[in-house]
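Undergrad: Take a look at the following structure, please.
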Amino acid sequence: MKHLLSTRDLTPGDAIGILDTAEEMAAVNDREVRKLPALRGRTVVNLFFEDSTRTRISFEAAAKRLSADVINFAAKGSSVSKGESLKDTAQTLEAIGADAVVIRHSAAGAPHRLAVTDWIQAAVVNAGDGTHEHPTQALLDAFTLRRHLARVAGTPSAGADLAGAHVVIVGDILHSRVARSNVWLLTTLGARVTLVAPPTLLPIGVEHWPCAVSYDLDAALDQAPDAVMMLRVQAERMNASYFPSTAEYSRLWGLGDERFDRFDTPAFKDTVILHPGPMVRGLEISSTAADSDRSQVLRQVANGVSVRMAVLYLLMSAKESAR
Ligand code: CP
């Protein structure tokens with residue numbers, strides 16, 4: 001694997017290989033060994049043209065735990081405001097010594113552009129491109145779900161796929177790169193996915209995706225899925241006309257206190273709640289649900305470091321052997 005641009009590109013073997021490597025990284029993290037020497041002398045550049053809390057910090061922590069040097073670039077405050085192009089920005093960072101570029105950009109396809117042109121030689125990791133994909137988020141979601149299912153079954157998670165699992169993804173699917181990456185990855189790993197959204201927040205062509213689609217959250221919950229993934233309503237990408245009123249959205253598509261009461265029934269005894277963050281509490285999820293013991297939200301964040309360590313290690317050690 002030279003770059004990580006999309007979960008759609010991953011075979012089941014690729015995906016399980018990343019998740020298993022992440023298990024090894026997690027075992028190191030659990031032993032509180034703060035650093036591995038694997039990427040000593042290598043440089044990871046975080047090239048962020050859009051805001052981020054979790055992804056940027058998690059890649060930084062992951063790179064540092066592998067002993068890499070880290071350069072954080074934020075478009076705000078840079079020469080991008082003077083009109084500098086993506087190509088010139090990336091080449092400038094490579095001239096400073098980037099071996100891997102982790103890029104978040106509002107334009108779908110920006111990471112592909114860096115990877116398929118000969119602008120730079122560094123490994124490219126997509127950290128979220130417009131509404132297109134967010135592959136490491138989906139990998140950390142799959143890792144979290146795989147660990148949960150293994151805990152419930154009393155089996156090891158290493159080597160396992162997600163065959164037979166059912167995941168309901170709820171909310172603003174139209175703008176969600178997380179939903180897209182999850183649909184490709186979860187189905188590659190054998191899981192069944194149901195998307196639930198208001199009709200105006202579903203993309204054109206969704207009927208051709210490898211998943212079920214519904215407007216009715218309660219009907220989807222009747223199937224007692226293994227995981228319910230709530231998505232943020234992406235107001236910053238939205239034309240107001242797409243959006244029902246916040247009260248209507250919350251009542252029909254939110255995981256509010258009343259709907260969360262269903263999790264107290266036996267059918268839901270092993271159902272977990274996922275959210276990629278940031279959460280808009282009171283809109284797509286209530287604080288009761290977000291802070292409950294069903295919520296995996298902080299586990300997702302912690303697992304993100306192990307998954308990103310695995311991705312950087314696999315990409316950068318492949319680069320090393322190709323030299
Ligand atoms: N999940 C996620 O991508 O969060 P950030 O926008 O904070 O990175």
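FYI, nothing fancy with the structure tokens labels: chains A, B, ... in order, residues from 1 per chain, ligands from 1 as they appear.
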Show me which residues line ligand 1, defined as having an atom within 12 Å of a ligand atom where only C-alpha atoms and all ligand atoms count, and present them as a compact mmCIF listing (two decimals) with C-alpha atoms, in the first residue's frame.
TA:
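That gives us pocket_37.txt:
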# COMPACT_ATOMS: atom_id res chain seq x y z
CA ASN A 46 -0.21 17.29 8.84
CA PHE A 48 -4.89 20.76 7.19
CA PHE A 49 -6.94 23.09 5.00
CA GLU A 50 -10.07 22.48 7.13
CA ASP A 51 -10.57 22.61 10.88
CA SER A 52 -10.06 19.49 12.97
CA THR A 53 -9.63 18.52 16.60
CA ARG A 54 -9.58 14.71 16.74
CA THR A 55 -7.99 13.78 13.40
CA ARG A 56 -5.11 16.24 13.49
CA ILE A 57 -4.21 15.62 17.13
CA SER A 58 -4.58 11.88 16.69
CA PHE A 59 -2.23 11.79 13.66
CA GLU A 60 0.23 13.94 15.60
CA VAL A 102 -1.68 13.71 5.95
CA ILE A 103 -4.11 15.99 4.15
CA ARG A 104 -7.55 17.35 5.01
CA HIS A 105 -9.14 19.54 2.36
CA SER A 106 -12.58 20.89 1.55
CA ASN A 126 -6.58 11.25 3.22
CA ALA A 127 -7.70 12.82 6.52
CA GLY A 128 -11.04 13.92 5.03
CA ASP A 129 -11.70 15.44 1.58
CA GLY A 130 -14.89 17.41 1.20
CA THR A 131 -17.91 15.13 1.28
CA GLU A 133 -14.08 10.09 2.17
CA HIS A 134 -12.48 9.91 5.61
CA PRO A 135 -10.81 6.48 5.53
CA THR A 136 -9.01 6.52 8.89
CA GLN A 137 -12.29 7.46 10.63
CA ALA A 138 -13.98 4.41 9.11
CA LEU A 139 -11.02 2.21 10.06
CA LEU A 140 -11.16 3.38 13.68
CA ASP A 141 -14.94 2.84 13.69
CA SER A 176 -20.84 12.84 5.27
CA ARG A 177 -17.46 11.54 4.16
CA VAL A 178 -17.58 9.37 7.30
CA ALA A 179 -20.76 7.64 6.05
CA SER A 181 -16.00 5.55 4.00
CA MET A 230 -25.07 9.09 14.78
CA LEU A 231 -23.66 11.73 12.41
CA ARG A 232 -23.26 15.46 12.86
CA GLN A 234 -22.92 19.64 8.78
CA LEU A 274 -20.86 5.47 17.77
CA HIS A 275 -20.32 9.10 16.75
CA PRO A 276 -17.27 10.39 14.84
CA GLY A 277 -17.45 13.77 16.60
CA PRO A 278 -17.74 16.61 16.98
CA MET A 279 -21.20 16.01 18.49
CA VAL A 297 -17.30 7.95 21.50
CA LEU A 298 -14.18 8.35 23.63
CA GLN A 300 -13.29 5.73 19.16
CA VAL A 301 -10.97 8.68 19.82
CA ALA A 302 -8.48 6.54 21.76
CA GLY A 304 -7.96 6.39 16.45
Undergrad: Which of region 43-289 of chain A end up as strand (DSSP E or B) when DSSP is run on this backbone - answer as a VMD selection string?
TA: chain A and resid 43 to 48 69 to 74 100 to 105 123 to 129 133 166 to 170 192 to 196 212 to 214 227 to 230 255 272 to 274 281 285
Undergrad: Can those selected residues be exported to a file as a compact mmCIF listing (two decimals), in the first residue's frame so that it contains N, CA and C atoms?
TA:
# COMPACT_ATOMS: atom_id res chain seq x y z
N THR A 43 9.64 12.08 8.71
CA THR A 43 8.83 13.27 9.01
C THR A 43 7.42 13.12 8.45
N VAL A 44 6.44 13.39 9.30
CA VAL A 44 5.03 13.38 8.91
C VAL A 44 4.55 14.83 8.93
N VAL A 45 3.94 15.26 7.81
CA VAL A 45 3.36 16.61 7.76
C VAL A 45 1.84 16.49 7.82
N ASN A 46 1.25 17.16 8.76
CA ASN A 46 -0.21 17.29 8.84
C ASN A 46 -0.60 18.54 8.07
N LEU A 47 -1.22 18.35 6.91
CA LEU A 47 -1.53 19.47 6.00
C LEU A 47 -3.04 19.71 6.05
N PHE A 48 -3.46 20.62 6.92
CA PHE A 48 -4.89 20.76 7.19
C PHE A 48 -5.43 22.08 6.63
N ASP A 69 9.22 12.75 13.34
CA ASP A 69 9.08 14.20 13.55
C ASP A 69 7.77 14.62 12.90
N VAL A 70 7.13 15.63 13.49
CA VAL A 70 5.82 16.06 13.00
C VAL A 70 5.85 17.55 12.71
N ILE A 71 5.36 17.91 11.51
CA ILE A 71 5.17 19.33 11.17
C ILE A 71 3.68 19.54 10.97
N ASN A 72 3.11 20.46 11.73
CA ASN A 72 1.69 20.76 11.59
C ASN A 72 1.51 22.02 10.76
N PHE A 73 0.76 21.88 9.67
CA PHE A 73 0.48 23.01 8.79
C PHE A 73 -1.02 23.27 8.82
N ALA A 74 -1.42 24.50 9.13
CA ALA A 74 -2.84 24.88 9.03
C ALA A 74 -2.95 25.96 7.98
N ALA A 100 5.68 11.65 4.71
CA ALA A 100 4.24 11.36 4.57
C ALA A 100 3.47 12.66 4.75
N VAL A 101 2.43 12.82 3.95
CA VAL A 101 1.57 14.00 4.05
C VAL A 101 0.16 13.53 4.40
N VAL A 102 -0.32 14.01 5.52
CA VAL A 102 -1.68 13.71 5.95
C VAL A 102 -2.51 14.95 5.60
N ILE A 103 -3.44 14.79 4.67
CA ILE A 103 -4.11 15.99 4.15
C ILE A 103 -5.61 15.98 4.41
N ARG A 104 -6.11 17.09 4.94
CA ARG A 104 -7.55 17.35 5.01
C ARG A 104 -7.83 18.58 4.15
N HIS A 105 -8.84 18.46 3.30
CA HIS A 105 -9.14 19.54 2.36
C HIS A 105 -10.63 19.58 2.09
N ALA A 123 4.27 9.55 0.92
CA ALA A 123 3.00 8.81 1.07
C ALA A 123 1.91 9.81 1.43
N VAL A 124 0.73 9.59 0.87
CA VAL A 124 -0.38 10.52 1.11
C VAL A 124 -1.49 9.79 1.87
N VAL A 125 -1.96 10.43 2.94
CA VAL A 125 -3.08 9.88 3.71
C VAL A 125 -4.23 10.88 3.67
N ASN A 126 -5.38 10.40 3.26
CA ASN A 126 -6.58 11.25 3.22
C ASN A 126 -7.15 11.36 4.63
N ALA A 127 -7.14 12.58 5.17
CA ALA A 127 -7.70 12.82 6.52
C ALA A 127 -9.06 13.50 6.41
N GLY A 128 -9.72 13.33 5.25
CA GLY A 128 -11.04 13.92 5.03
C GLY A 128 -10.99 14.89 3.87
N ASP A 129 -11.68 14.53 2.75
CA ASP A 129 -11.70 15.44 1.58
C ASP A 129 -13.15 15.76 1.20
N GLU A 133 -14.48 11.23 1.32
CA GLU A 133 -14.08 10.09 2.17
C GLU A 133 -13.27 10.54 3.39
N HIS A 166 -24.64 -5.71 12.05
CA HIS A 166 -25.55 -4.74 11.42
C HIS A 166 -25.30 -3.36 12.03
N VAL A 167 -25.00 -2.39 11.17
CA VAL A 167 -24.71 -1.03 11.62
C VAL A 167 -25.72 -0.08 10.97
N VAL A 168 -26.38 0.72 11.81
CA VAL A 168 -27.31 1.74 11.32
C VAL A 168 -26.59 3.09 11.41
N ILE A 169 -26.49 3.78 10.28
CA ILE A 169 -25.81 5.09 10.23
C ILE A 169 -26.89 6.15 10.00
N VAL A 170 -26.94 7.15 10.90
CA VAL A 170 -28.09 8.04 10.94
C VAL A 170 -27.68 9.51 10.80
N ARG A 192 -23.53 -5.55 7.46
CA ARG A 192 -24.72 -5.03 6.77
C ARG A 192 -24.92 -3.61 7.28
N VAL A 193 -25.21 -2.69 6.36
CA VAL A 193 -25.35 -1.27 6.74
C VAL A 193 -26.74 -0.78 6.33
N THR A 194 -27.38 -0.04 7.23
CA THR A 194 -28.62 0.68 6.90
C THR A 194 -28.38 2.16 7.12
N LEU A 195 -28.63 2.96 6.09
CA LEU A 195 -28.52 4.42 6.22
C LEU A 195 -29.91 4.97 6.52
N VAL A 196 -29.98 5.90 7.49
CA VAL A 196 -31.26 6.52 7.83
C VAL A 196 -31.07 8.03 7.80
N ALA A 212 -28.84 -0.75 2.74
CA ALA A 212 -30.26 -0.40 2.76
C ALA A 212 -30.39 1.08 3.10
N VAL A 213 -31.51 1.69 2.67
CA VAL A 213 -31.73 3.11 2.92
C VAL A 213 -33.15 3.26 3.48
N SER A 214 -33.29 4.10 4.50
CA SER A 214 -34.60 4.30 5.12
C SER A 214 -34.72 5.75 5.58
N ALA A 227 -24.74 -1.74 16.17
CA ALA A 227 -24.23 -0.39 16.43
C ALA A 227 -25.11 0.63 15.73
N VAL A 228 -25.28 1.77 16.41
CA VAL A 228 -26.00 2.90 15.83
C VAL A 228 -25.00 4.05 15.78
N MET A 229 -24.69 4.49 14.56
CA MET A 229 -23.71 5.56 14.39
C MET A 229 -24.45 6.86 14.06
N MET A 230 -24.40 7.80 14.99
CA MET A 230 -25.07 9.09 14.78
C MET A 230 -24.07 10.04 14.11
N LEU A 255 -31.09 10.84 18.34
CA LEU A 255 -31.11 9.85 19.42
C LEU A 255 -31.31 10.63 20.72
N VAL A 272 -24.23 -0.79 20.67
CA VAL A 272 -23.41 0.37 21.08
C VAL A 272 -23.71 1.58 20.20
N ILE A 273 -23.35 2.74 20.73
CA ILE A 273 -23.55 4.01 20.02
C ILE A 273 -22.18 4.52 19.59
N LEU A 274 -22.09 4.86 18.31
CA LEU A 274 -20.86 5.47 17.77
C LEU A 274 -21.18 6.88 17.30
N ARG A 281 -24.73 18.16 20.70
CA ARG A 281 -25.62 17.61 21.72
C ARG A 281 -26.97 18.31 21.67
N ILE A 285 -27.96 13.97 19.05
CA ILE A 285 -27.79 13.02 20.17
C ILE A 285 -27.99 13.76 21.48
Undergrad: Per DSSP on the backbone, filter region 16-260 of chain A down to the residues in alpha helix (DSSP H) and report them as a ChimeraX atom specification.
TA: /A:16-30,54-65,86-96,110-116,135-153,177-188,217-221,246-253,257-260
Undergrad: Rank nothing, just name the residue among A:Gln296, A:Ser85, A:Ser250, A:Ser157 nearest to Val280 (chain A), using only C-alpha atoms.
TA: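 Looking at the shortest contact to Val280 (chain A), the residue is A:Ser250.
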Undergrad: Would you mind reading off the distance between CA of Arg251 (chain A) and CA of Arg237 (chain A), one decimal, in Å?
TA: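 Those two atoms sit 22.0 Å apart.
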Undergrad: By how many Å are CA of Gly154 (chain A) and CA of Ala142 (chain A) apart?
TA: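 Interatomic distance, CA of Gly154 (chain A) to CA of Ala142 (chain A): 17.6 Å.
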Undergrad: Ala289 (chain A): which residues within 7 Å, counting only C-alpha atoms, same-chain residues fewer than 6 positions away excluded, as a list of chain:residue names?
TA: A:Asp257, A:Phe260, A:Ser295
Undergrad: Give the answer as one residue: which of A:Leu86, A:Leu145, A:Val80, A:Ala197 has the shortest atom-to-atom distance to Asn303 (chain A), using only C-alpha atoms?
TA: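 The answer is A:Leu145, which sits nearest to Asn303 (chain A).
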Undergrad: Could you check which of A:Ala26, A:His175, A:Thr92, A:His208 is closest to Glu236 (chain A), using only C-alpha atoms?
TA: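 Going through A:Ala26, A:His175, A:Thr92, A:His208 one by one, the smallest distance to Glu236 (chain A) is for A:His175.
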